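Novice: Sending over a structure as structure tokens; questions will come in a sec.
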Amino acid sequence: MSKIADIIKYEGDNSTFIWKHPCEDFNTLTQLIVHESQEAVFFLNGEALDLFGPGRHTLETQNIPKLGKLFNKIIGDDTPFHCEVYFINKTVQMAIKWGTDSKVRFVEPIYGIPLEIGACGEMNLEVSDSRKLLLKLVGTMNGIAWDDYGAGFTKSLQNSFRPLISTAVKSNLPSAIKSNNIDVIEIDEKLELLSETMRRSIVNGFEEYGLTIPQFYITGIALPENDPNFKKMKELHAVSFQTRMIQAEAFVKSAQADADADVTAARRKVEMERQLTETEVKKREAERELIKAQTEAQAVKMAGLAEAEVMRAKGYDQKDVITAEVQKAYAEGIGNMTISGSGGGVAGDMIGLSVGMAAAGVVAPKLGEMFAGSTGATPNTSSEAPAAEAKCSKCGAVLPKNAKFCLECGEKVAPKIPEGMVICPECGKTVSKGKFCPECGHKFITACPKCGKELIPGAKFCLECGEKL
């Protein structure tokens with residue numbers, strides 16, 4: 001009988017997935033030590049009784065209940081029993097190399113040329129299910145590693161999974177190149193995409209044995225550099241590259257032109273909005289000025305109506321006011337005649353009368369009528385007739401003296417030009433008639449350049465032929 005082990009622990013290296021402890025005789029006081037990133041499976045008579053995680057464990061019936069049936073008739077803890085303990089390395093095995101055993105034949109999708117390529121790379125491998133790995137792969141061997149470990153190992157994972165990897169890569173690499181429309185000459189740019197595609201196609205085969213592939217990398221694609229078809233494809237690719245560059249440059253110029261057009265349109269829109277805003281502001285200002293003028297005209301009109309109503313209520317009207325002013329002026333004239341008569345004679349009386357009449361200048365026409373009526377004489381008809389009342393050019397209403405707006409409709413009243421005066425079209429000043437403006441020197445047009453008819457100074461159109469001046 002071999003020596004009974006007191007302590008069981010892992011004695012292999014980190015490159016081993018599964019390691020079987022060489023001792024197979026234990027007792028119920030044996031200590032089992034499991035390190036971090038490890039698991040230990042206890043076998044009895046070929047049956048996996050329990051799985052132990054990191055820590056120190058005593059192999060006794062409390063930890064392994066099925067051992068109780070074995071020791072029901074055995075007395076004493078030192079009695080040995082035959083069993084097996086396997087340690088499983090749970091660390092990720094990095095940079096495990098792989099490669100296709102032959103070339104991959106396929107038709108290149110861009111140019112339709114048949115090619116043969118090879119692929120190689122590395123992958124990371126990890127145990128995901130310890131029980132499944134032991135039951136599927138271990139059997140009676142002492143352990144498992146990826147490469148051929150030596151005399152103590154009857155089998156390596158590399159030999160077991162090489163056909164699976166090669167077959168999966170050969171089957172899926174051409175379809176991945178075609179489905180993604182990858183140019184073989186530029187295939188290095190797509191290695192990350194192809195690597196993930198290959199990983200998804202291979203991982204299921206490994207998981208069946210309790211293994212998983214966290215990462216799978218294609219590190220190189222062997223291209224057929226000496227193949228005449230490949231050389232022809234490279235020539236076509238060079239021509240296509242130049243064409244793509246020209247198209248790209250044209251696209252950039254077109255995009256820049258579109259961007260410039262958008263900027264110009266945006267600026268034009270902003271300018272139009274600004275002008276529209278200014279127009280609206282001016283329009284509102286004009287509307288406010290018109291409303292203000294109409295309000296002022298209406299106020300003047302209402303004030304006049306109110307004054308007329310007060311006068312009618314008191315029993316007199318504007319005629320009575322004018323009569324009262326004439327009588328006042330007459331009395332002042334008589335008074336002046338009396339005062340000056342004490343020493344000035346008829347001349348003094350006439351001067352006094354003139355002073356009185358000057359004081360009543362606003363009612364001079366009425367005063368003349370009154371003198372004419374009192375002496376029975378006929379009024380002097382040789383003098384000019386009184387000026388006609390001014391009327392609104394829009395509604396025809398009578399305008400008050402010096403009115404700037406019509407009291408009825410609010411229409412702006414054109415300024416009245418005294419006789420013998422004109423408005424200079426250059427400076428806008430009211431000046432005497434002549435050939436030149438005495439204010440700015442502007443030459444007045446005196447005859448129509450078309451028909452020769454004499455023009456009214458300041459006119460904008462010829463009254464004879466309608467020519468615009």
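Letters for chains follow the order of the structure tokens (A, B, ...), residue numbers begin at 1 for each chain, and ligand numbers begin at 1 in the order shown.
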Applying 8 Å and only C-alpha atoms, which residues near Glu39 in chain A remain after dropping the ones on its own chain fewer than 4 positions away? List them as a VMD selection string.

Specialist: chain A and resid 34 to 35 51 to 54 87 to 90 130

Novice: Do a neighbour search on Glu24 in chain A at 8 Å with only C-alpha atoms, toss out local chain neighbours closer than 5 positions, and write the hits as a PyMOL selection string.

Specialist: chain A and resi 82-85

Novice: Kindly indicate which residue among A:Ile218, A:Pro449, A:Asn14, A:Pro425 lies nearest to Glu464 in chain A, using only C-alpha atoms for the distances.

Specialist: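 Closest to Glu464 in chain A of all the choices is A:Pro449.
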
Novice: When you draw a straight line from CA of Ala222 in chain A to CA of Ser201 in chain A, how long is it in Å?

Specialist: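 We find that CA of Ala222 in chain A and CA of Ser201 in chain A lie 20.8 Å from each other.
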
Novice: Can you tell me which residues surround range 224-232 of chain A at a distance of at most 7 Å, considering only C-alpha atoms, apart from same-chain residues fewer than 3 positions away, and format the answer as a PyMOL selection string?

Specialist: chain A and resi 113+116-117+235-236

Novice: Show me, as a list in words, the residues that have an atom within 10 Å of Leu399 in chain A when counting only C-alpha atoms, minus same-chain residues fewer than 4 positions from it.

Specialist: Glu389, Ala390, Lys391, Cys392, Ala403, Lys404, Phe405, Cys406, Leu407, Glu408 and Val413 of chain A
